[in-house]
file entry24.cif (mmCIF, C-alpha atoms)
data_protein
loop_
_atom_site.label_atom_id
_atom_site.label_comp_id
_atom_site.auth_asym_id
_atom_site.auth_seq_id
_atom_site.Cartn_x
_atom_site.Cartn_y
_atom_site.Cartn_z
CA MET A 1 -16.59 -9.17 -28.35
CA ARG A 2 -14.92 -5.78 -28.60
CA THR A 3 -16.96 -2.79 -27.51
CA SER A 4 -16.69 0.96 -27.95
CA VAL A 5 -17.52 3.30 -25.16
CA ARG A 6 -20.30 5.81 -25.73
CA ALA A 7 -19.68 5.84 -29.47
CA THR A 8 -22.41 8.38 -30.11
CA ALA A 9 -22.39 10.17 -26.77
CA VAL A 10 -20.48 13.24 -25.73
CA VAL A 11 -17.97 12.46 -22.99
CA PRO A 12 -18.94 14.40 -19.84
CA THR A 13 -16.79 17.29 -18.73
CA TRP A 14 -14.88 17.17 -15.46
CA GLU A 15 -17.38 19.62 -13.98
CA GLU A 16 -20.26 17.31 -14.91
CA LEU A 17 -18.46 14.27 -13.54
CA ARG A 18 -17.66 16.04 -10.26
CA ALA A 19 -21.28 17.14 -9.95
CA THR A 20 -22.42 13.55 -10.35
CA LEU A 21 -19.86 12.35 -7.83
CA GLU A 22 -21.08 14.88 -5.28
CA LYS A 23 -24.27 12.81 -4.96
CA SER A 24 -22.35 9.65 -4.10
CA PRO A 25 -22.32 8.52 -0.45
CA THR A 26 -18.68 7.53 -1.02
CA THR A 27 -17.75 11.08 -1.98
CA GLN A 28 -19.64 12.45 0.99
CA ARG A 29 -17.78 10.07 3.32
CA ILE A 30 -14.38 10.89 1.81
CA LYS A 31 -14.97 14.65 2.05
CA ALA A 32 -16.28 14.43 5.61
CA GLU A 33 -13.21 12.42 6.63
CA ALA A 34 -10.94 14.98 4.94
CA GLU A 35 -12.53 17.78 6.96
CA GLU A 36 -11.96 15.79 10.13
CA ARG A 37 -8.32 15.17 9.15
CA ALA A 38 -7.69 18.86 8.64
CA ALA A 39 -8.66 19.38 12.27
CA GLY A 40 -6.54 16.49 13.51
CA ARG A 41 -9.53 14.24 14.10
CA GLY A 42 -11.19 11.27 12.44
CA PRO A 43 -9.84 7.84 11.53
CA ALA A 44 -6.23 7.09 10.68
CA HIS A 45 -5.40 7.85 7.05
CA GLN A 46 -2.49 8.05 4.64
CA ASP A 47 -3.08 11.82 4.27
CA ASN A 48 -3.00 12.66 7.97
CA ARG A 49 -0.68 15.54 8.80
CA LEU A 50 -1.90 16.15 12.34
CA ARG A 51 -3.37 13.77 14.93
CA LEU A 52 -4.73 15.19 18.17
CA PHE A 53 -6.80 12.48 19.91
CA GLY A 54 -8.53 15.21 21.93
CA ALA A 55 -5.36 17.18 22.77
CA ARG A 56 -4.69 20.80 21.91
CA GLU A 57 -2.46 21.41 18.91
CA GLU A 58 -0.05 23.53 20.95
CA ASP A 59 0.51 20.59 23.30
CA VAL A 60 1.68 18.17 20.59
CA ARG A 61 5.18 16.94 21.49
CA VAL A 62 5.85 14.48 18.66
CA THR A 63 6.68 14.93 14.98
CA PHE A 64 6.77 11.73 12.94
CA TYR A 65 8.96 11.71 9.82
CA ARG A 66 7.86 8.94 7.46
CA ASP A 67 8.17 8.22 3.77
CA HIS A 68 5.84 9.74 1.18
CA ALA A 69 4.90 6.52 -0.59
CA ALA A 70 4.20 4.45 2.56
CA TRP A 71 6.77 1.89 1.42
CA CYS A 72 8.94 1.80 4.54
CA PRO A 73 8.13 -1.11 6.89
CA TYR A 74 9.89 0.56 9.81
CA CYS A 75 7.80 3.70 9.36
CA GLN A 76 4.66 1.57 9.20
CA LYS A 77 5.18 -0.08 12.59
CA LEU A 78 5.71 3.31 14.27
CA TRP A 79 2.69 4.74 12.48
CA ILE A 80 0.54 1.93 13.84
CA MET A 81 1.97 2.36 17.34
CA LEU A 82 1.29 6.10 17.40
CA GLU A 83 -2.30 5.41 16.40
CA GLU A 84 -2.83 2.56 18.86
CA LYS A 85 -1.37 4.54 21.77
CA GLN A 86 -3.25 7.64 20.61
CA ILE A 87 -0.17 9.82 20.97
CA PRO A 88 -0.82 13.28 19.47
CA TYR A 89 1.62 13.86 16.62
CA ARG A 90 2.42 15.78 13.47
CA VAL A 91 3.51 14.15 10.23
CA GLU A 92 6.31 15.19 7.90
CA LYS A 93 6.69 13.12 4.73
CA ILE A 94 10.18 12.52 3.35
CA ASN A 95 11.24 10.66 0.19
CA MET A 96 13.06 7.37 0.45
CA ARG A 97 16.30 7.41 -1.52
CA SER A 98 14.95 4.68 -3.79
CA TYR A 99 12.40 7.02 -5.32
CA GLY A 100 13.44 10.65 -4.77
CA ASP A 101 15.74 13.23 -3.25
CA LYS A 102 15.53 14.08 0.41
CA PRO A 103 14.95 17.70 1.47
CA LYS A 104 18.08 19.57 2.55
CA GLU A 105 16.27 20.67 5.70
CA PHE A 106 15.80 17.05 6.75
CA LEU A 107 19.39 16.10 5.94
CA ALA A 108 20.57 19.00 8.08
CA LYS A 109 18.81 17.36 11.02
CA ILE A 110 19.54 13.72 10.08
CA PRO A 111 22.69 13.58 7.90
CA SER A 112 22.23 9.83 7.29
CA GLY A 113 18.79 10.52 5.81
CA LEU A 114 17.45 7.33 7.38
CA LEU A 115 13.77 6.88 8.13
CA PRO A 116 11.81 6.70 10.32
CA VAL A 117 12.58 9.57 12.66
CA VAL A 118 10.57 10.83 15.58
CA GLU A 119 11.17 14.24 17.10
CA ILE A 120 10.08 14.43 20.75
CA ASP A 121 10.33 17.80 22.49
CA GLY A 122 12.91 18.88 19.90
CA GLN A 123 15.07 15.75 20.20
CA MET A 124 15.54 13.70 17.01
CA ILE A 125 15.45 9.93 17.53
CA THR A 126 16.20 7.21 14.97
CA GLU A 127 15.94 3.38 14.89
CA SER A 128 12.37 2.12 15.00
CA LEU A 129 12.66 -0.25 17.96
CA VAL A 130 14.46 2.38 20.03
CA ILE A 131 11.75 4.88 19.13
CA MET A 132 9.01 2.44 20.16
CA GLN A 133 10.63 1.90 23.54
CA ILE A 134 10.96 5.65 24.11
CA LEU A 135 7.36 6.25 23.09
CA GLU A 136 6.27 3.58 25.57
CA ARG A 137 8.23 5.30 28.33
CA GLU A 138 7.19 8.88 27.50
CA PHE A 139 3.52 8.08 26.88
CA PRO A 140 2.58 5.32 29.36
CA GLU A 141 -1.18 5.87 29.29
CA ARG A 142 -1.89 3.01 26.85
CA VAL A 143 0.54 0.22 27.67
CA THR A 144 1.93 -1.78 24.73
CA LEU A 145 4.79 -3.50 26.58
CA PRO A 146 3.71 -4.76 30.04
CA GLU A 147 6.61 -4.91 32.50
CA ASP A 148 5.65 -8.39 33.63
CA LYS A 149 6.09 -9.69 30.08
CA LEU A 150 9.48 -8.22 29.21
CA ASP A 151 11.22 -11.59 29.09
CA LEU A 152 8.58 -13.04 26.78
CA ALA A 153 8.70 -9.92 24.62
CA ASN A 154 12.48 -10.15 24.23
CA LYS A 155 12.20 -13.82 23.26
CA LEU A 156 9.56 -13.01 20.65
CA LEU A 157 11.54 -10.08 19.27
CA LYS A 158 14.51 -12.42 18.80
CA LEU A 159 12.22 -14.84 16.97
CA GLU A 160 11.08 -12.00 14.71
CA ARG A 161 14.70 -11.35 13.71
CA GLN A 162 15.07 -15.05 12.88
CA LEU A 163 11.94 -14.95 10.74
CA PHE A 164 13.24 -11.87 8.95
CA SER A 165 16.60 -13.55 8.29
CA ASP A 166 14.93 -16.70 6.98
CA TRP A 167 12.69 -14.63 4.72
CA CYS A 168 15.70 -12.85 3.23
CA GLY A 169 17.43 -16.18 2.68
CA LEU A 170 14.38 -17.54 0.89
CA VAL A 171 13.39 -14.61 -1.32
CA PHE A 172 16.52 -12.58 -2.01
CA ARG A 173 19.00 -15.36 -2.77
CA PRO A 174 18.91 -17.83 -5.68
CA SER A 175 17.38 -21.20 -4.85
CA LEU A 176 19.98 -23.94 -4.71
CA PRO A 177 19.37 -27.29 -6.45
CA GLY A 178 18.26 -30.16 -4.26
CA PRO A 179 16.04 -30.06 -1.14
CA LEU A 180 14.25 -26.77 -0.44
CA GLY A 181 16.50 -25.81 2.46
CA ALA A 182 15.71 -22.11 2.57
CA ARG A 183 11.99 -22.69 2.20
CA ALA A 184 11.98 -25.41 4.83
CA GLY A 185 13.84 -23.12 7.23
CA PHE A 186 11.42 -20.26 6.66
CA GLU A 187 8.40 -22.52 7.13
CA LYS A 188 9.86 -23.99 10.32
CA THR A 189 10.37 -20.55 11.83
CA LEU A 190 6.87 -19.58 10.72
CA ASP A 191 5.63 -22.66 12.61
CA GLU A 192 7.35 -21.30 15.75
CA VAL A 193 5.72 -17.91 15.25
CA ASP A 194 2.31 -19.54 14.84
CA LYS A 195 2.88 -21.58 17.99
CA ALA A 196 3.84 -18.46 19.94
CA LEU A 197 0.65 -16.73 18.82
CA GLY A 198 -1.37 -19.71 20.02
CA ALA A 199 0.26 -19.70 23.46
CA THR A 200 -1.70 -16.67 24.73
CA PRO A 201 -5.43 -15.96 24.80
CA GLY A 202 -6.72 -13.77 22.00
CA PRO A 203 -4.93 -12.94 18.78
CA TRP A 204 -1.96 -10.95 20.13
CA PHE A 205 1.55 -12.13 20.97
CA LEU A 206 1.44 -10.94 24.58
CA GLY A 207 -2.28 -11.53 25.10
CA GLY A 208 -4.57 -8.71 26.17
CA GLU A 209 -7.25 -6.87 24.26
CA ASN A 210 -4.98 -4.72 22.08
CA PRO A 211 -1.81 -5.22 20.05
CA GLY A 212 1.53 -4.30 21.56
CA ILE A 213 5.11 -3.53 20.61
CA VAL A 214 5.81 -7.14 19.67
CA ASP A 215 2.84 -7.16 17.28
CA PHE A 216 3.93 -3.85 15.73
CA GLN A 217 7.45 -5.19 15.25
CA TYR A 218 6.20 -8.23 13.36
CA VAL A 219 3.31 -6.97 11.28
CA SER A 220 4.96 -4.74 8.69
CA HIS A 221 7.42 -7.41 7.57
CA VAL A 222 4.86 -10.23 7.75
CA GLU A 223 2.71 -8.12 5.44
CA ARG A 224 5.58 -8.00 2.95
CA MET A 225 6.27 -11.70 3.40
CA ASN A 226 2.68 -12.50 2.44
CA ALA A 227 3.18 -10.82 -0.94
CA SER A 228 6.77 -11.77 -1.69
CA VAL A 229 6.90 -15.48 -0.82
CA LEU A 230 3.73 -15.99 -2.86
CA TYR A 231 4.95 -14.00 -5.86
CA TRP A 232 8.49 -15.33 -6.04
CA LYS A 233 8.19 -18.75 -4.36
CA GLY A 234 4.55 -19.81 -4.72
CA LEU A 235 4.12 -20.11 -0.95
CA GLN A 236 0.70 -19.00 0.36
CA MET A 237 0.84 -17.89 4.01
CA ARG A 238 -2.78 -16.73 4.21
CA GLY A 239 -5.83 -18.84 4.93
CA THR A 240 -3.99 -22.09 5.72
CA THR A 241 -4.69 -24.47 8.58
CA ARG A 242 -0.95 -24.82 9.17
CA TRP A 243 -0.66 -21.19 10.24
CA ALA A 244 -4.16 -20.68 11.63
CA ASN A 245 -2.99 -18.53 14.56
CA LEU A 246 -1.10 -16.25 12.18
CA GLU A 247 -4.26 -15.87 10.10
CA LYS A 248 -6.27 -15.02 13.22
CA TRP A 249 -3.64 -12.41 14.13
CA LEU A 250 -3.67 -10.85 10.65
CA LEU A 251 -7.47 -10.69 10.58
CA ALA A 252 -7.43 -8.99 13.99
CA PHE A 253 -5.03 -6.37 12.64
CA GLU A 254 -7.09 -5.92 9.48
CA ALA A 255 -10.13 -5.06 11.61
CA ARG A 256 -8.30 -2.13 13.25
CA PRO A 257 -8.35 1.36 11.65
CA SER A 258 -4.70 1.87 12.61
CA TYR A 259 -3.67 -0.99 10.35
CA GLN A 260 -6.26 -0.43 7.62
CA ALA A 261 -4.78 3.03 7.01
CA THR A 262 -1.25 1.71 6.58
CA LYS A 263 -1.80 -1.60 4.78
CA SER A 264 -0.54 -1.92 1.22
CA ASP A 265 -1.46 -4.36 -1.54
CA TYR A 266 0.66 -7.15 -2.99
CA TYR A 267 1.43 -5.33 -6.26
CA THR A 268 2.75 -2.26 -4.46
CA HIS A 269 4.98 -4.46 -2.32
CA ILE A 270 6.33 -6.42 -5.29
CA MET A 271 7.39 -3.09 -6.77
CA ASP A 272 8.68 -1.50 -3.55
CA ILE A 273 10.54 -4.47 -2.03
CA PRO A 274 13.42 -4.87 -4.59
CA PRO A 275 14.61 -1.24 -4.34
CA GLN A 276 14.91 -1.71 -0.58
CA TYR A 277 16.08 -5.33 -0.22
CA GLY A 278 17.36 -6.40 -3.63
CA PRO A 279 15.78 -8.52 -6.37
CA GLY A 280 13.54 -11.44 -5.59
CA TYR A 281 14.54 -14.76 -7.13
CA PRO A 282 11.53 -16.62 -8.60
CA ASP A 283 11.06 -20.36 -8.45
CA LYS A 284 9.52 -22.12 -11.43
CA ASN A 285 6.21 -23.75 -10.58
CA ALA A 286 2.52 -23.43 -11.40
CA THR A 287 1.72 -21.55 -8.18
CA VAL A 288 4.34 -18.92 -8.98
CA ASP A 289 2.91 -18.54 -12.48
CA GLU A 290 -0.58 -18.03 -11.06
CA ALA A 291 0.65 -15.58 -8.44
CA VAL A 292 2.61 -13.54 -10.98
CA GLY A 293 -0.48 -13.29 -13.17
CA VAL A 294 -2.72 -12.19 -10.30
CA ILE A 295 -0.35 -9.90 -8.39
CA GLY A 296 1.23 -8.43 -11.51
CA GLY A 297 -2.18 -7.66 -12.96
CA GLU A 298 -2.19 -9.73 -16.16
CA THR A 299 -5.11 -11.88 -15.01
CA SER A 300 -6.58 -9.70 -12.23
CA TRP A 301 -6.72 -6.16 -13.64
CA ARG A 302 -9.72 -7.19 -15.70
CA LEU A 303 -13.45 -6.61 -15.52
CA PRO A 304 -15.29 -7.70 -13.58
CA VAL A 305 -12.83 -7.21 -10.71
CA LYS A 306 -12.93 -10.24 -8.43
CA LEU A 307 -11.95 -9.60 -4.82
CA SER A 308 -12.86 -11.78 -1.88
CA ALA A 309 -11.79 -12.75 1.62
CA ASP A 310 -10.56 -16.12 0.35
CA GLY A 311 -8.84 -14.92 -2.83
CA LEU A 312 -5.17 -15.38 -3.65
CA GLU A 313 -4.74 -11.86 -2.27
CA PRO A 314 -7.43 -11.75 0.42
CA LEU A 315 -9.65 -8.70 0.84
CA PRO A 316 -10.86 -9.06 4.44
CA ASP A 317 -14.49 -8.30 5.12
CA ALA A 318 -13.39 -5.54 7.51
CA MET A 319 -11.82 -3.66 4.59
CA ASN A 320 -14.48 -4.33 1.96
CA ARG A 321 -17.06 -1.56 1.47
CA GLY A 322 -18.41 -3.09 -1.71
CA GLU A 323 -17.77 -2.71 -5.42
CA GLU A 324 -19.62 0.58 -5.92
CA ASP A 325 -17.77 2.25 -3.06
CA ALA A 326 -14.44 1.11 -4.56
CA ARG A 327 -15.38 2.41 -8.01
CA HIS A 328 -16.54 5.74 -6.65
CA GLU A 329 -13.44 6.18 -4.51
CA ALA A 330 -11.25 5.69 -7.57
CA ALA A 331 -13.43 8.04 -9.63
CA TYR A 332 -13.30 10.73 -6.95
CA LYS A 333 -9.51 10.51 -6.65
CA ILE A 334 -9.08 10.99 -10.40
CA ALA A 335 -11.70 13.71 -10.82
CA LYS A 336 -10.46 15.71 -7.84
CA ASN A 337 -6.93 16.09 -9.25
CA ALA A 338 -7.59 15.56 -12.94
CA GLU A 339 -5.28 18.21 -14.38
CA ASN A 340 -2.20 16.94 -12.55
CA ILE A 341 -3.05 13.30 -13.25
CA VAL A 342 -3.39 13.99 -16.98
CA LYS A 343 0.01 15.64 -16.96
CA PHE A 344 1.47 12.73 -15.00
CA ALA A 345 0.10 10.15 -17.45
CA CYS A 346 1.62 12.07 -20.37
CA ARG A 347 5.02 11.06 -19.02
CA GLY A 348 4.30 7.75 -20.73
CA MET A 349 5.22 9.41 -24.04
CA GLY A 350 7.64 11.94 -22.58
CA GLU A 351 11.33 12.02 -21.74
CA GLU A 352 12.92 10.19 -18.83
CA GLY A 353 14.28 12.36 -16.06
CA ALA A 354 17.93 13.40 -16.12
CA LYS A 355 18.31 11.78 -12.69
CA ARG A 356 17.05 8.24 -12.16
CA PHE A 357 16.29 6.34 -8.97
CA GLN A 358 16.46 2.73 -7.87
CA ALA A 359 12.70 2.13 -7.91
CA PRO A 360 11.79 1.22 -11.50
CA LEU A 361 8.47 3.07 -11.43
CA ALA A 362 9.89 6.23 -9.83
CA ASP A 363 10.93 9.02 -12.20
CA PRO A 364 10.20 12.33 -10.47
CA TYR A 365 12.13 14.37 -13.02
CA ALA A 366 10.43 12.87 -16.10
CA GLN A 367 9.11 15.34 -18.67
CA PRO A 368 5.53 14.76 -19.92
CA ASN A 369 4.67 14.98 -23.60
CA MET A 370 1.70 17.33 -23.47
CA ASN A 371 0.87 16.69 -27.11
CA TYR A 372 -1.18 13.78 -25.76
CA SER A 373 -2.92 15.73 -23.01
CA SER A 374 -6.28 16.17 -24.75
CA LYS A 375 -6.58 12.47 -25.63
CA VAL A 376 -5.44 11.39 -22.17
CA ASP A 377 -7.90 13.83 -20.63
CA GLU A 378 -10.75 12.42 -22.70
CA SER A 379 -9.85 8.83 -21.87
CA LEU A 380 -9.70 9.55 -18.17
CA ARG A 381 -13.14 11.17 -18.34
CA VAL A 382 -14.44 8.02 -20.03
CA VAL A 383 -12.84 5.93 -17.29
CA VAL A 384 -14.30 8.07 -14.51
CA GLN A 385 -17.77 7.93 -16.07
CA ALA A 386 -17.55 4.15 -16.25
CA LEU A 387 -16.34 3.98 -12.65
CA ILE A 388 -19.30 6.08 -11.56
CA ASP A 389 -22.07 4.20 -13.35
CA GLY A 390 -20.55 0.71 -13.52
CA THR A 391 -21.28 0.27 -17.23
CA ALA A 392 -17.87 -1.00 -18.37
CA VAL A 393 -17.92 -4.59 -19.62
CA PRO A 394 -15.13 -7.09 -20.40
CA THR A 395 -13.44 -6.63 -23.77
CA THR A 396 -11.04 -8.37 -26.08
CA GLN A 397 -8.04 -6.22 -26.98
CA SER A 398 -8.07 -5.14 -30.60
CA THR A 399 -5.12 -5.59 -32.95
CA GLY A 400 -3.76 -3.50 -35.78
CA VAL A 401 -4.28 -0.19 -33.98
CA THR A 402 -2.66 3.02 -35.12
CA SER A 403 0.54 4.45 -33.66
CA ASP A 404 -1.51 7.20 -31.99
CA VAL A 405 -3.58 4.59 -30.14
CA LYS A 406 -0.43 2.75 -29.09
CA SER A 407 0.99 6.00 -27.75
CA LEU A 408 -2.19 6.79 -25.82
CA ARG A 409 -2.16 3.29 -24.36
CA LYS A 410 1.39 3.89 -23.16
CA CYS A 411 0.23 6.98 -21.30
CA LEU A 412 -2.65 5.15 -19.63
CA ALA A 413 -0.41 2.19 -18.77
CA TYR A 414 2.13 4.56 -17.24
CA LEU A 415 -0.55 5.80 -14.87
CA ARG A 416 -2.00 2.33 -14.21
CA ASP A 417 1.33 0.86 -13.18
CA ARG A 418 1.99 3.63 -10.68
CA VAL A 419 -1.20 3.46 -8.63
CA GLY A 420 0.09 2.76 -5.13
CA VAL A 421 -1.70 1.49 -2.02
CA PRO A 422 -2.28 3.13 0.45
CA ARG A 423 -0.55 6.23 -0.96
CA ASP A 424 -3.13 6.92 -3.66
CA MET A 425 -6.21 4.96 -2.63
CA SER A 426 -7.43 1.77 -1.00
CA TYR A 427 -6.70 -1.69 -2.45
CA PRO A 428 -10.28 -2.24 -3.77
CA ALA A 429 -10.30 1.20 -5.41
CA ALA A 430 -6.85 0.66 -6.93
CA MET A 431 -7.97 -2.64 -8.45
CA GLN A 432 -11.04 -0.99 -9.97
CA LEU A 433 -8.97 1.84 -11.43
CA ARG A 434 -6.32 -0.48 -12.87
CA ALA A 435 -8.99 -2.69 -14.44
CA HIS A 436 -10.90 0.25 -15.88
CA LEU A 437 -7.73 1.75 -17.37
CA ASN A 438 -7.10 -1.61 -19.06
CA TRP A 439 -10.69 -1.62 -20.29
CA ARG A 440 -10.25 1.83 -21.79
CA MET A 441 -7.01 0.85 -23.48
CA GLU A 442 -8.74 -2.14 -25.05
CA THR A 443 -11.64 -0.08 -26.40
CA LEU A 444 -9.39 2.40 -28.17
CA SER A 445 -9.23 2.06 -31.93
#
call {"tool": "encode", "arguments": {"input": "entry24.cif", "output": "structure tokens"}}
result
Amino acid sequence: MRTSVRATAVVPTWEELRATLEKSPTTQRIKAEAEERAAGRGPAHQDNRLRLFGAREEDVRVTFYRDHAAWCPYCQKLWIMLEEKQIPYRVEKINMRSYGDKPKEFLAKIPSGLLPVVEIDGQMITESLVIMQILEREFPERVTLPEDKLDLANKLLKLERQLFSDWCGLVFRPSLPGPLGARAGFEKTLDEVDKALGATPGPWFLGGENPGIVDFQYVSHVERMNASVLYWKGLQMRGTTRWANLEKWLLAFEARPSYQATKSDYYTHIMDIPPQYGPGYPDKNATVDEAVGVIGGETSWRLPVKLSADGLEPLPDAMNRGEEDARHEAAYKIAKNAENIVKFACRGMGEEGAKRFQAPLADPYAQPNMNYSSKVDESLRVVVQALIDGTAVPTTQSTGVTSDVKSLRKCLAYLRDRVGVPRDMSYPAAMQLRAHLNWRMETLS
């Protein structure tokens, strides 16, 4: 059954929607956390620009240069380490070449433009593993690489490089006919990783109560492996008995604020991996078809949104605040910056930028077609209202719509496809927003 939204009702203004959102506990939490962030306090977050951990701002020695979109796996591991060691630091966000130009000021300091970079006492340092070792030496208060476990750590770091190599061989090269050599090799190395995790008490590679450098080195690429081998090869790494220690390790990370703040979702990774590593080569099987439908949104960006700890893309309990919180987070993010988001969505009917970038969804120089601004604005208010009150219901897309409706749908789809995690919002909130934008597109006539 096809439904219309508030056919006889006046769509609330942004002021009315913001006033309603002010009463939401989710809004109150988000705003309280933002106030804490401004002072360098509170939990880890994508929007942090200063982290003090009880220090004075004038005593901060470290500036962390990371990418704007939170796509870079090497930035992610340093980000987690800085949080886990509670090293006071400032944040400067720099574009990756795959989606934008780098500031001249940064290139003057780092001509290669490579990320991540950490500046310690005025000295610029590159290469993530080198940076981690220097941070461990300069800030020894919270040990992440015990001296008595250096040999084990080096062995495990070598294994991580083997896992990375096997992953690249599996995902970024065409599958050869015959036995699944690349897949078998990747799975065998993953077995070794799982065995290594089971060799020490607790979830971490080197044991102990907290993750260390070895864990940081692994986690950002394992996160991307989870998404990519499922999407392109139909291989599920999560929730299996074969890799039970790996699952225990991932769940332990997902319970930590340092990782929750940096973790992306599978869709974002499927879009950000090819510009960095090259195209993924899909196998042809039923599991791949299912994964493409779920991760790519065709079957999952629908109401009601179904997220669970045992789903194809797991939402761990530690990161699940409930459906209403996810809806209200998405609504708040749109309502807070509505004018700019309307303009951004109007790029869907605008002109491509004169300069293009490797990432297919990145077009920073695109020109919006503001002739559609009033209709986009109205549709986003409808979406935010539905996110607030939870009244949207599943629909069946109508056919035979006018060219104006098709154009408006293009604008809403442009926005939907560019919602990134964690850059824009959490995974549950992103899924609610994507599904509600689809719902709105389907109710247009």
call {"tool": "residues_around", "arguments": {"input": "entry24.cif", "residues": "Leu230 (chain A)", "least_positions_apart": "2", "cutoff": "12 Å", "atoms": "only C-alpha atoms", "output": "ChimeraX atom specification"}}
result
/A:167,170-171,183,223-228,232-238,266-267,269-270,280-283,285-296,312-313
call {"tool": "residues_around", "arguments": {"input": "entry24.cif", "residues": "Ala309 (chain A)", "least_positions_apart": "2", "cutoff": "12 Å", "atoms": "all atoms listed in the file", "output": "PyMOL selection string"}}
result
chain A and resi 238-239+247+251+254+306-307+311-320+428
call {"tool": "resolve_selection", "arguments": {"input": "entry24.cif", "expression": "the PyMOL selection byres ((chain A and resi 208-212) around 12)", "output": "mmCIF file with C-alpha atoms, in the frame of the given file"}}
result
data_model
loop_
_atom_site.group_PDB
_atom_site.id
_atom_site.type_symbol
_atom_site.label_atom_id
_atom_site.label_comp_id
_atom_site.auth_asym_id
_atom_site.auth_seq_id
_atom_site.Cartn_x
_atom_site.Cartn_y
_atom_site.Cartn_z
ATOM 1 C CA LYS A 77 5.180 -0.080 12.590
ATOM 2 C CA LEU A 78 5.710 3.310 14.270
ATOM 3 C CA ILE A 80 0.540 1.930 13.840
ATOM 4 C CA MET A 81 1.970 2.360 17.340
ATOM 5 C CA LEU A 82 1.290 6.100 17.400
ATOM 6 C CA GLU A 83 -2.300 5.410 16.400
ATOM 7 C CA GLU A 84 -2.830 2.560 18.860
ATOM 8 C CA LYS A 85 -1.370 4.540 21.770
ATOM 9 C CA MET A 132 9.010 2.440 20.160
ATOM 10 C CA GLN A 133 10.630 1.900 23.540
ATOM 11 C CA GLU A 136 6.270 3.580 25.570
ATOM 12 C CA ARG A 142 -1.890 3.010 26.850
ATOM 13 C CA VAL A 143 0.540 0.220 27.670
ATOM 14 C CA THR A 144 1.930 -1.780 24.730
ATOM 15 C CA LEU A 145 4.790 -3.500 26.580
ATOM 16 C CA PRO A 146 3.710 -4.760 30.040
ATOM 17 C CA LYS A 149 6.090 -9.690 30.080
ATOM 18 C CA LEU A 150 9.480 -8.220 29.210
ATOM 19 C CA ALA A 153 8.700 -9.920 24.620
ATOM 20 C CA LEU A 156 9.560 -13.010 20.650
ATOM 21 C CA LEU A 157 11.540 -10.080 19.270
ATOM 22 C CA LEU A 197 0.650 -16.730 18.820
ATOM 23 C CA THR A 200 -1.700 -16.670 24.730
ATOM 24 C CA PRO A 201 -5.430 -15.960 24.800
ATOM 25 C CA GLY A 202 -6.720 -13.770 22.000
ATOM 26 C CA PRO A 203 -4.930 -12.940 18.780
ATOM 27 C CA TRP A 204 -1.960 -10.950 20.130
ATOM 28 C CA PHE A 205 1.550 -12.130 20.970
ATOM 29 C CA LEU A 206 1.440 -10.940 24.580
ATOM 30 C CA GLY A 207 -2.280 -11.530 25.100
ATOM 31 C CA ILE A 213 5.110 -3.530 20.610
ATOM 32 C CA VAL A 214 5.810 -7.140 19.670
ATOM 33 C CA ASP A 215 2.840 -7.160 17.280
ATOM 34 C CA PHE A 216 3.930 -3.850 15.730
ATOM 35 C CA GLN A 217 7.450 -5.190 15.250
ATOM 36 C CA TYR A 218 6.200 -8.230 13.360
ATOM 37 C CA VAL A 219 3.310 -6.970 11.280
ATOM 38 C CA TRP A 249 -3.640 -12.410 14.130
ATOM 39 C CA LEU A 250 -3.670 -10.850 10.650
ATOM 40 C CA ALA A 252 -7.430 -8.990 13.990
ATOM 41 C CA PHE A 253 -5.030 -6.370 12.640
ATOM 42 C CA GLU A 254 -7.090 -5.920 9.480
ATOM 43 C CA ALA A 255 -10.130 -5.060 11.610
ATOM 44 C CA ARG A 256 -8.300 -2.130 13.250
ATOM 45 C CA SER A 258 -4.700 1.870 12.610
ATOM 46 C CA TYR A 259 -3.670 -0.990 10.350
#
call {"tool": "resolve_selection", "arguments": {"input": "entry24.cif", "expression": "the PyMOL selection byres ((chain A and resi 119) around 9)", "output": "MDAnalysis selection string"}}
result
chainID A and resid 61:65 117:118 120:126
call {"tool": "atom_distance", "arguments": {"input": "entry24.cif", "atom1": "CA of Leu437 (chain A)", "atom2": "CA of Lys343 (chain A)"}}
result
15.9 Å
call {"tool": "residues_near_point", "arguments": {"input": "entry24.cif", "point": "(-11.5, 13.0, -17.4)", "cutoff": "8 Å", "atoms": "all atoms listed in the file", "output": "number ranges by chain"}}
result
A: 12-14, 334-335, 338, 376-384
call {"tool": "resolve_selection", "arguments": {"input": "entry24.cif", "expression": "the PyMOL selection byres ((chain A and resi 166) around 8)", "output": "list of chain:residue names"}}
result
A:Gln162, A:Leu163, A:Phe164, A:Ser165, A:Trp167, A:Cys168, A:Gly169, A:Leu170, A:Ala182, A:Gly185, A:Phe186, A:Thr189
call {"tool": "atom_distance", "arguments": {"input": "entry24.cif", "atom1": "CA of Asp265 (chain A)", "atom2": "CA of Arg18 (chain A)"}}
result
27.5 Å
call {"tool": "atom_distance", "arguments": {"input": "entry24.cif", "atom1": "CA of Pro116 (chain A)", "atom2": "CA of Ala70 (chain A)"}}
result
11.1 Å
call {"tool": "residues_around", "arguments": {"input": "entry24.cif", "residues": "region 386-389 of chain A", "least_positions_apart": "5", "cutoff": "8 Å", "atoms": "all atoms listed in the file", "output": "ChimeraX atom specification"}}
result
/A:21,324,327-328,330-331,432-433,436
call {"tool": "closest_residue", "arguments": {"input": "entry24.cif", "among": "A:Asp151, A:Lys195, A:Leu190, A:Thr262", "to": "Asp67 (chain A)", "atoms": "all atoms listed in the file"}}
result
A:Thr262
call {"tool": "axis_aligned_box", "arguments": {"input": "entry24.cif", "around": "region 354-372 of chain A", "padding_each_side": "8 Å", "output": "JSON"}}
result
{"center_x": 8.6, "center_y": 9.3, "center_z": -17.5, "size_x": 35.5, "size_y": 32.1, "size_z": 35.2}
